[in-house]
>>> print(open('final_35.txt').read())   # compact mmCIF, C-alpha atoms and all ligand atoms
# COMPACT_ATOMS: atom_id res chain seq x y z
CA MET A 252 264.98 166.57 119.95
CA THR A 253 266.46 170.06 119.89
CA THR A 254 266.37 172.66 122.64
CA HIS A 255 265.87 176.22 121.37
CA THR A 256 266.86 178.91 123.84
CA THR A 257 265.96 182.56 123.52
CA ARG A 258 265.50 185.66 125.61
CA MET A 259 261.97 186.04 124.26
CA LEU A 260 259.76 183.10 123.38
CA ILE A 261 256.58 183.97 121.49
CA ILE A 262 253.77 181.45 121.01
CA GLY A 263 251.60 182.43 118.05
CA SER A 264 252.25 183.97 114.64
CA GLY A 265 249.31 186.34 114.12
CA PRO A 266 249.51 190.15 114.18
CA ALA A 267 250.13 190.10 117.97
CA GLY A 268 252.95 187.56 117.82
CA PHE A 269 254.77 189.15 114.89
CA SER A 270 254.39 192.68 116.28
CA ALA A 271 255.89 191.51 119.57
CA ALA A 272 258.65 189.86 117.55
CA ILE A 273 259.44 193.02 115.57
CA TYR A 274 259.80 195.07 118.75
CA GLY A 275 261.58 192.28 120.61
CA ALA A 276 264.09 191.72 117.81
CA ARG A 277 264.82 195.42 117.52
CA ALA A 278 265.49 195.46 121.27
CA GLY A 279 268.08 192.69 120.81
CA MET A 280 266.03 189.89 122.35
CA GLU A 281 266.45 187.54 119.35
CA PRO A 282 262.88 186.23 119.61
CA ILE A 283 261.67 182.83 118.57
CA VAL A 284 258.11 182.64 117.23
CA VAL A 285 256.46 179.23 117.37
CA GLN A 286 253.84 179.43 114.64
CA GLY A 287 251.17 176.92 115.53
CA LEU A 288 248.63 175.25 113.28
CA GLN A 289 247.59 178.50 111.63
CA PRO A 290 250.79 180.26 110.53
CA GLY A 291 249.93 183.95 110.18
CA GLY A 292 246.78 183.61 112.30
CA GLN A 293 243.18 184.45 111.53
CA LEU A 294 243.91 186.98 108.78
CA THR A 295 245.14 184.13 106.59
CA ILE A 296 241.56 182.86 106.27
CA THR A 297 240.14 186.13 105.01
CA THR A 298 240.58 188.01 101.77
CA ASP A 299 240.03 191.79 101.71
CA VAL A 300 241.37 193.89 104.58
CA GLU A 301 240.45 197.54 104.36
CA ASN A 302 241.03 198.81 107.88
CA TYR A 303 244.68 198.08 108.66
CA PRO A 304 246.39 201.49 108.76
CA GLY A 305 248.96 202.39 106.12
CA PHE A 306 247.28 201.00 103.02
CA ARG A 307 244.98 203.18 100.95
CA ASP A 308 243.88 200.30 98.70
CA VAL A 309 242.29 197.05 99.85
CA ILE A 310 244.96 194.50 100.81
CA GLN A 311 244.74 190.74 101.26
CA GLY A 312 244.92 189.21 104.75
CA PRO A 313 247.42 186.44 103.83
CA TRP A 314 249.67 188.99 102.10
CA LEU A 315 249.65 191.27 105.16
CA MET A 316 250.73 188.38 107.37
CA GLN A 317 253.53 187.37 104.99
CA GLU A 318 254.79 190.95 105.17
CA MET A 319 254.64 190.96 108.98
CA GLN A 320 256.59 187.71 109.09
CA ALA A 321 259.16 188.99 106.59
CA GLN A 322 259.63 192.19 108.60
CA ALA A 323 259.99 190.25 111.88
CA GLU A 324 262.58 187.92 110.33
CA HIS A 325 264.41 190.80 108.67
CA VAL A 326 265.10 192.35 112.07
CA GLY A 327 266.25 189.09 113.67
CA THR A 328 263.29 186.86 114.57
CA ARG A 329 263.46 183.09 114.14
CA THR A 330 260.14 181.59 113.07
CA ILE A 331 259.68 177.89 113.76
CA TRP A 332 256.93 175.74 112.36
CA ASP A 333 255.79 173.80 115.39
CA THR A 334 252.84 173.78 117.80
CA VAL A 335 253.30 174.08 121.52
CA VAL A 336 251.64 171.16 123.28
CA SER A 337 252.64 171.94 126.88
CA VAL A 338 254.14 174.76 128.91
CA ASP A 339 255.42 175.04 132.43
CA LEU A 340 254.88 178.44 133.98
CA THR A 341 255.38 177.28 137.56
CA SER A 342 259.14 177.20 137.81
CA GLY A 343 260.22 180.10 135.57
CA PRO A 344 261.63 182.35 134.46
CA PRO A 345 263.04 180.92 132.27
CA PHE A 346 259.87 179.27 130.94
CA ARG A 347 259.84 175.95 129.15
CA ALA A 348 257.49 174.84 126.39
CA ILE A 349 257.38 171.59 124.47
CA GLY A 350 256.46 171.39 120.81
CA ASP A 351 254.51 168.77 118.92
CA SER A 352 257.83 167.95 117.20
CA GLY A 353 259.37 167.00 120.55
CA ASP A 354 261.58 170.11 120.51
CA VAL A 355 261.93 172.12 123.69
CA TYR A 356 261.67 175.93 123.77
CA VAL A 357 263.14 177.90 126.64
CA GLY A 358 262.48 181.63 126.95
CA GLU A 359 263.63 184.06 129.62
CA VAL A 360 260.29 185.75 129.01
CA LEU A 361 257.21 184.28 127.42
CA VAL A 362 254.76 186.14 125.18
CA ILE A 363 251.46 184.38 124.62
CA ALA A 364 249.80 185.39 121.34
CA THR A 365 247.70 182.32 120.60
CA GLY A 366 244.61 184.27 119.53
CA ALA A 367 241.02 183.16 119.46
CA GLN A 368 238.85 181.43 116.92
CA ALA A 369 235.35 182.46 115.98
CA LYS A 370 232.81 179.72 116.63
CA TRP A 371 231.00 178.57 113.51
CA LEU A 372 227.70 176.79 113.02
CA GLY A 373 229.30 173.90 111.14
CA VAL A 374 226.53 173.63 108.54
CA PRO A 375 226.90 173.07 104.75
CA GLY A 376 227.97 176.07 102.71
CA GLU A 377 229.39 178.00 105.66
CA GLN A 378 233.04 177.20 105.02
CA GLU A 379 232.77 177.32 101.21
CA LEU A 380 231.12 180.77 101.30
CA GLY A 381 233.44 182.17 104.00
CA GLY A 382 234.64 185.58 102.76
CA LYS A 383 232.06 185.35 99.95
CA GLY A 384 229.07 186.52 101.93
CA VAL A 385 229.64 184.61 105.18
CA SER A 386 231.68 186.31 107.89
CA ALA A 387 232.22 186.19 111.65
CA CYS A 388 233.24 189.82 112.08
CA ALA A 389 230.94 192.78 111.39
CA THR A 390 233.61 195.34 112.31
CA CYS A 391 235.93 193.75 109.76
CA ASP A 392 233.54 193.06 106.90
CA GLY A 393 230.36 195.11 107.49
CA PHE A 394 231.61 197.90 105.27
CA PHE A 395 231.68 195.54 102.26
CA TYR A 396 227.87 195.15 102.53
CA ARG A 397 226.88 198.79 102.63
CA GLY A 398 223.34 199.34 101.39
CA LYS A 399 222.64 195.58 101.33
CA LYS A 400 220.28 193.36 103.28
CA VAL A 401 222.27 191.37 105.85
CA VAL A 402 221.60 188.89 108.65
CA VAL A 403 223.25 188.17 111.97
CA ILE A 404 222.97 184.70 113.48
CA GLY A 405 223.03 184.35 117.26
CA GLY A 406 221.32 185.53 120.42
CA GLY A 407 223.99 186.70 122.85
CA ASN A 408 225.78 189.99 123.38
CA THR A 409 228.06 189.48 120.37
CA ALA A 410 225.12 188.95 118.02
CA VAL A 411 223.24 192.01 119.25
CA GLU A 412 226.36 194.18 119.11
CA GLU A 413 227.11 192.97 115.58
CA ALA A 414 223.52 193.71 114.48
CA LEU A 415 223.65 197.21 115.95
CA TYR A 416 227.04 197.87 114.34
CA LEU A 417 225.80 196.72 110.93
CA THR A 418 223.05 199.34 110.91
CA ASN A 419 225.85 201.84 110.21
CA HIS A 420 226.07 200.31 106.76
CA SER A 421 222.85 198.47 106.09
CA PRO A 422 219.24 199.70 106.18
CA ASP A 423 217.95 196.14 106.64
CA VAL A 424 219.49 193.90 109.30
CA THR A 425 217.77 190.71 110.45
CA LEU A 426 218.83 188.93 113.60
CA ILE A 427 218.12 185.21 113.35
CA HIS A 428 217.91 183.31 116.60
CA ARG A 429 216.96 179.69 117.24
CA ARG A 430 215.05 180.52 120.45
CA ASP A 431 212.25 182.96 121.32
CA SER A 432 214.33 185.22 123.56
CA LEU A 433 217.83 186.70 123.58
CA ARG A 434 220.60 185.94 126.08
CA SER A 435 222.17 189.38 125.71
CA GLU A 436 222.14 192.13 128.32
CA LYS A 437 218.84 193.98 128.72
CA ILE A 438 220.31 197.34 127.70
CA LEU A 439 221.54 195.87 124.41
CA GLN A 440 218.14 194.26 123.78
CA ASP A 441 216.46 197.63 124.35
CA ARG A 442 218.75 199.27 121.81
CA LEU A 443 218.15 196.43 119.35
CA HIS A 444 214.36 196.60 119.57
CA ALA A 445 214.39 200.41 119.33
CA ASN A 446 216.39 200.36 116.10
CA PRO A 447 214.09 200.61 113.06
CA ARG A 448 216.74 199.06 110.81
CA ILE A 449 216.73 195.75 112.74
CA SER A 450 214.12 193.02 112.76
CA VAL A 451 214.32 189.69 114.58
CA LEU A 452 213.40 186.30 113.18
CA TRP A 453 212.72 184.09 116.21
CA ASN A 454 212.84 180.30 116.46
CA ARG A 455 214.81 179.69 113.29
CA ARG A 456 217.71 177.31 112.87
CA VAL A 457 220.14 177.85 110.00
CA ASP A 458 220.57 174.55 108.15
CA ARG A 459 222.58 175.63 105.14
CA PHE A 460 224.16 178.66 103.49
CA LEU A 461 223.01 178.95 99.88
CA GLY A 462 224.96 180.27 96.92
CA ASP A 463 227.92 179.58 94.67
CA PRO A 464 231.37 180.59 95.95
CA LEU A 465 232.58 180.96 92.36
CA ALA A 466 229.60 182.94 91.07
CA GLY A 467 228.18 185.73 93.17
CA GLY A 468 228.69 184.19 96.62
CA LEU A 469 225.96 183.95 99.23
CA THR A 470 222.36 184.30 98.05
CA GLY A 471 220.42 183.13 101.08
CA LEU A 472 219.91 180.77 103.99
CA ALA A 473 217.91 177.57 104.35
CA LEU A 474 216.06 177.73 107.68
CA THR A 475 213.91 175.51 109.83
CA ASP A 476 211.33 176.80 112.29
CA THR A 477 212.39 175.23 115.61
CA VAL A 478 208.75 175.17 116.84
CA THR A 479 206.76 174.04 113.79
CA GLY A 480 209.53 172.29 111.84
CA GLU A 481 208.58 174.26 108.72
CA ALA A 482 211.40 174.82 106.22
CA SER A 483 211.95 178.18 104.49
CA GLU A 484 214.55 180.21 102.64
CA PHE A 485 215.73 183.71 103.48
CA ALA A 486 217.39 185.81 100.76
CA THR A 487 220.51 187.75 101.79
CA GLU A 488 223.94 188.66 100.44
CA GLY A 489 225.68 188.92 103.79
CA ALA A 490 225.47 186.64 106.84
CA PHE A 491 227.38 187.25 110.05
CA VAL A 492 227.77 184.28 112.36
CA ALA A 493 227.93 185.69 115.89
CA ILE A 494 227.81 182.79 118.31
CA GLY A 495 230.98 183.65 120.21
CA HIS A 496 234.73 183.15 120.17
CA ALA A 497 236.98 180.58 121.82
CA PRO A 498 240.37 181.87 123.03
CA ALA A 499 243.24 179.41 122.56
CA THR A 500 244.13 179.10 126.25
CA GLU A 501 243.79 175.39 126.98
CA LEU A 502 247.57 175.13 127.44
CA PHE A 503 247.60 177.68 130.23
CA LYS A 504 244.59 176.54 132.26
CA GLY A 505 245.42 176.31 135.94
CA GLN A 506 248.65 178.26 135.41
CA LEU A 507 247.35 181.75 134.54
CA ALA A 508 244.42 183.87 135.70
CA MET A 509 241.58 183.76 133.17
CA ASP A 510 238.08 185.19 132.99
CA ALA A 511 234.90 183.12 132.77
CA GLY A 512 235.21 182.98 128.96
CA GLY A 513 238.75 181.57 129.14
CA TYR A 514 240.49 184.81 128.08
CA ILE A 515 243.81 185.50 129.82
CA GLN A 516 243.41 188.22 132.43
CA CYS A 517 246.08 190.89 132.44
CA GLU A 518 246.81 193.77 134.76
CA PRO A 519 244.43 196.47 133.48
CA GLY A 520 245.91 198.50 130.61
CA THR A 521 248.94 196.22 130.31
CA PRO A 522 249.85 192.83 128.78
CA LYS A 523 251.18 191.59 132.16
CA THR A 524 249.67 188.31 133.33
CA ASN A 525 249.64 187.23 136.97
CA VAL A 526 252.94 185.35 136.41
CA PRO A 527 255.94 187.72 136.31
CA GLY A 528 257.74 187.40 132.98
CA VAL A 529 254.69 186.03 131.13
CA PHE A 530 252.86 188.48 128.87
CA ALA A 531 249.72 188.04 126.78
CA CYS A 532 248.68 190.03 123.74
CA GLY A 533 246.09 190.08 120.97
CA ASP A 534 242.77 188.26 120.86
CA VAL A 535 243.80 185.77 123.56
CA MET A 536 243.47 188.52 126.20
CA ASP A 537 240.94 190.77 124.45
CA PRO A 538 237.29 189.68 124.37
CA VAL A 539 236.20 193.16 123.27
CA TYR A 540 238.04 194.66 120.29
CA ARG A 541 239.47 191.62 118.43
CA GLN A 542 241.07 193.47 115.54
CA ALA A 543 244.41 193.04 113.77
CA VAL A 544 245.47 196.54 114.70
CA THR A 545 244.62 196.10 118.39
CA ALA A 546 246.41 192.74 118.39
CA ALA A 547 249.47 194.42 116.86
CA GLY A 548 249.24 197.22 119.44
CA THR A 549 249.16 194.88 122.41
CA GLY A 550 251.93 192.82 120.79
CA CYS A 551 254.09 195.94 120.81
CA MET A 552 253.18 196.57 124.48
CA ALA A 553 254.08 192.98 125.40
CA ALA A 554 257.53 193.30 123.85
CA LEU A 555 258.21 196.66 125.51
CA ASP A 556 257.15 195.33 128.92
CA ALA A 557 259.13 192.12 128.36
CA GLU A 558 262.24 194.13 127.58
CA ARG A 559 261.76 196.24 130.75
CA PHE A 560 261.19 193.10 132.81
CA LEU A 561 264.48 191.59 131.61
CA ALA A 562 266.39 194.85 132.05
CA GLU A 563 265.13 195.24 135.64
CA ARG A 564 265.95 191.63 136.47
CA GLU A 565 269.43 191.86 134.98
CA PHE A 566 270.05 195.14 136.83
CA ALA A 567 268.92 193.57 140.11
CA GLU A 568 271.18 190.55 139.49
CA SER A 569 274.22 192.74 138.75
CA GLU A 570 273.53 194.80 141.89
CA ALA A 571 273.32 191.61 143.94
CA GLU A 572 276.60 190.39 142.44
CA ALA A 573 278.27 193.74 143.16
CA VAL A 574 277.14 193.59 146.80
CA GLY A 575 278.36 190.00 147.06
CA ALA A 576 281.74 190.80 145.51
C1 LIG B 1 237.43 185.92 108.64
C2 LIG B 1 238.09 187.00 109.46
C3 LIG B 1 238.26 188.25 108.93
C4 LIG B 1 238.87 189.26 109.67
N1 LIG B 1 239.06 190.48 109.10
C5 LIG B 1 239.68 191.45 109.81
C6 LIG B 1 239.90 192.72 109.22
O1 LIG B 1 239.50 192.99 108.09
N2 LIG B 1 240.54 193.66 109.97
C7 LIG B 1 240.96 193.40 111.26
O2 LIG B 1 241.56 194.28 111.87
N3 LIG B 1 240.75 192.21 111.82
C8 LIG B 1 240.13 191.24 111.14
N4 LIG B 1 239.88 190.03 111.72
C9 LIG B 1 240.28 189.83 113.11
C10 LIG B 1 241.81 189.58 113.19
O3 LIG B 1 242.16 188.57 112.28
C11 LIG B 1 242.20 189.19 114.60
O4 LIG B 1 241.76 190.18 115.52
C12 LIG B 1 243.71 189.04 114.71
O5 LIG B 1 244.19 188.11 113.77
C13 LIG B 1 244.12 188.60 116.11
O6 LIG B 1 245.50 188.47 116.08
P1 LIG B 1 246.27 187.56 117.14
O7 LIG B 1 247.70 187.66 116.78
O8 LIG B 1 245.87 187.93 118.51
O9 LIG B 1 245.74 186.09 116.94
P2 LIG B 1 245.49 185.16 115.68
O10 LIG B 1 245.51 185.90 114.40
O11 LIG B 1 244.31 184.36 116.03
O12 LIG B 1 246.79 184.22 115.69
C14 LIG B 1 246.95 183.25 116.67
C15 LIG B 1 248.22 182.48 116.37
O13 LIG B 1 248.50 181.61 117.46
C16 LIG B 1 248.94 180.37 116.96
N5 LIG B 1 248.73 179.35 117.98
C17 LIG B 1 247.58 179.02 118.62
N6 LIG B 1 247.83 177.99 119.47
C18 LIG B 1 249.15 177.71 119.37
C19 LIG B 1 250.00 176.75 119.97
N7 LIG B 1 249.56 175.85 120.86
N8 LIG B 1 251.32 176.73 119.62
C20 LIG B 1 251.80 177.64 118.74
N9 LIG B 1 251.04 178.56 118.14
C21 LIG B 1 249.73 178.59 118.43
C22 LIG B 1 248.10 180.18 115.69
O14 LIG B 1 248.70 179.23 114.83
C23 LIG B 1 248.14 181.60 115.13
O15 LIG B 1 249.31 181.76 114.38
C24 LIG B 1 239.29 189.01 111.00
C25 LIG B 1 239.12 187.73 111.54
C26 LIG B 1 238.53 186.73 110.80
C27 LIG B 1 238.34 185.36 111.39
>>> encode(input="final_35.txt", output="structure tokens")
Amino acid sequence: MTTHTTRMLIIGSGPAGFSAAIYGARAGMEPIVVQGLQPGGQLTITTDVENYPGFRDVIQGPWLMQEMQAQAEHVGTRTIWDTVVSVDLTSGPPFRAIGDSGDVYVGEVLVIATGAQAKWLGVPGEQELGGKGVSACATCDGFFYRGKKVVVIGGGNTAVEEALYLTNHSPDVTLIHRRDSLRSEKILQDRLHANPRISVLWNRRVDRFLGDPLAGGLTGLALTDTVTGEASEFATEGAFVAIGHAPATELFKGQLAMDAGGYIQCEPGTPKTNVPGVFACGDVMDPVYRQAVTAAGTGCMAALDAERFLAEREFAESEAEAVGA
């Protein structure tokens, strides 16, 4: 068992974690990033990224994350392949985390960048056709389906928002829901029903995504009518699964303020959690925007606030020492 000590401990290696690391390293905080089970984060499971600023041509998600890691390490970050299995936020700072390896991580400040995972249906074809017609992010991938017939699967706010967003690109959006009414807010439902580009297919369960990942991708969905049991197929080239996201906050339950969805609650407009010295950035504290660029932006904010927190604390300590001397 090794104890790793740093001024700035970062949990998570997505765009938020590495952006915090780049700023933290450049401020001399010699950050440690604990990578977790998905080194590089969610962008490593996608292919084309067309909306991250600075690149005129389409880039690949895994490549972008390798570059972020390389940049963070170049300026002085240590990246460690481990997963945090417990943290103690009650007695810090400094804060102590324990890795799956048995190693202990101690940070004078802690930056939480553990992200969120889209919820999937878990039916055949979904994983195989991911990025080849099946997506969980209309803002990210809607543009790739311009002019095409697409579907959104779900019945809550996320699904309705995704369907409305997709009408910017597609003249034919179908919302598929397994019940006969939506759970989303009334105002969103009104906008949905008023939009001539959207139709709703009620009482349908998606059983399978159809198509060949190596030849053309998604071609359609196999459905079952939840009332009559009748099976059918629905032709489409783009399907957006919109049944919600799960923030990776299990570790912090009972130790940090969270909203009803489990997202970490921060002081409005900042990455400051309710525990001084603990900052949260990226998708783990953002149920709304959930983009790589917003994650990177809040990662930057977390590092800047962490640096100020340490500077203020060190100044206060030196003042106290001077008075005592
Ligand atoms: C298929 C897909 C396509 C997308 N396409 C785009 C796009 O084109 N453009 C765009 O802007 N956004 C896109 N997004 C959204 C974007 O990927 C996310 O908004 C962004 O990755 C969030 O960054 P993050 O750093 O907050 O978290 P994440 O990327 O989710 O990273 C979380 C990190 O935390 C780590 N972690 C979790 N728990 C622990 C633990 N216990 N210990 C240690 N580490 C832990 C994980 O291993 C991971 O490294 C897409 C998302 C998906 C799923």
>>> residues_near_ligand(input="final_35.txt", ligand="ligand LIG 1 (chain B)", cutoff="6 Å", atoms="only C-alpha atoms and all ligand atoms", output="ChimeraX atom specification")
/A:262-268,285-294,296-297,300-303,334-336,364-367,386,391,499,533-535,541-544,546
>>> atom_distance(input="final_35.txt", atom1="CA of Leu415 (chain A)", atom2="CA of Gly513 (chain A)")
25.4 Å
>>> axis_aligned_box(input="final_35.txt", around="region 314-322 of chain A", padding_each_side="4 Å", output="JSON")
{"center_x": 254.6, "center_y": 189.8, "center_z": 105.6, "size_x": 18.0, "size_y": 12.8, "size_z": 15.0}
>>> closest_atom_pairs(input="final_35.txt", of="region 545-568 of chain A", to="region 343-357 of chain A", cutoff="12 Å", atoms="only C-alpha atoms", output="Markdown table")
| residue | atom | partner | partner_atom | distance |
| --- | --- | --- | --- | --- |
| A:Ala557 | CA | A:Pro344 | CA | 11.8 |
| A:Phe560 | CA | A:Pro344 | CA | 10.9 |
| A:Leu561 | CA | A:Pro344 | CA | 10.1 |
| A:Arg564 | CA | A:Pro344 | CA | 10.4 |
>>> residues_around(input="final_35.txt", residues="region 484-498 of chain A", least_positions_apart="2", cutoff="9 Å", atoms="all atoms listed in the file", output="short mmCIF file (atom, residue, chain, number, x, y, z; two decimals) with C-alpha atoms, in the frame of the given file")
data_model
loop_
_atom_site.label_atom_id
_atom_site.label_comp_id
_atom_site.auth_asym_id
_atom_site.auth_seq_id
_atom_site.Cartn_x
_atom_site.Cartn_y
_atom_site.Cartn_z
CA THR A 365 247.70 182.32 120.60
CA GLY A 366 244.61 184.27 119.53
CA ALA A 367 241.02 183.16 119.46
CA GLN A 368 238.85 181.43 116.92
CA ALA A 369 235.35 182.46 115.98
CA LYS A 370 232.81 179.72 116.63
CA TRP A 371 231.00 178.57 113.51
CA LEU A 372 227.70 176.79 113.02
CA LYS A 383 232.06 185.35 99.95
CA GLY A 384 229.07 186.52 101.93
CA VAL A 385 229.64 184.61 105.18
CA SER A 386 231.68 186.31 107.89
CA ALA A 387 232.22 186.19 111.65
CA CYS A 388 233.24 189.82 112.08
CA ALA A 389 230.94 192.78 111.39
CA GLY A 393 230.36 195.11 107.49
CA TYR A 396 227.87 195.15 102.53
CA LYS A 399 222.64 195.58 101.33
CA LYS A 400 220.28 193.36 103.28
CA VAL A 401 222.27 191.37 105.85
CA VAL A 402 221.60 188.89 108.65
CA VAL A 403 223.25 188.17 111.97
CA ILE A 404 222.97 184.70 113.48
CA GLY A 405 223.03 184.35 117.26
CA GLY A 406 221.32 185.53 120.42
CA GLY A 407 223.99 186.70 122.85
CA ASN A 408 225.78 189.99 123.38
CA THR A 409 228.06 189.48 120.37
CA ALA A 410 225.12 188.95 118.02
CA VAL A 411 223.24 192.01 119.25
CA GLU A 413 227.11 192.97 115.58
CA ALA A 414 223.52 193.71 114.48
CA PHE A 460 224.16 178.66 103.49
CA LEU A 461 223.01 178.95 99.88
CA GLY A 467 228.18 185.73 93.17
CA GLY A 468 228.69 184.19 96.62
CA LEU A 469 225.96 183.95 99.23
CA THR A 470 222.36 184.30 98.05
CA GLY A 471 220.42 183.13 101.08
CA LEU A 472 219.91 180.77 103.99
CA ALA A 473 217.91 177.57 104.35
CA LEU A 474 216.06 177.73 107.68
CA THR A 475 213.91 175.51 109.83
CA ALA A 482 211.40 174.82 106.22
CA THR A 500 244.13 179.10 126.25
CA GLU A 501 243.79 175.39 126.98
CA GLY A 512 235.21 182.98 128.96
CA GLY A 513 238.75 181.57 129.14
CA TYR A 514 240.49 184.81 128.08
CA ILE A 515 243.81 185.50 129.82
CA ASP A 534 242.77 188.26 120.86
CA VAL A 535 243.80 185.77 123.56
CA MET A 536 243.47 188.52 126.20
CA PRO A 538 237.29 189.68 124.37
#
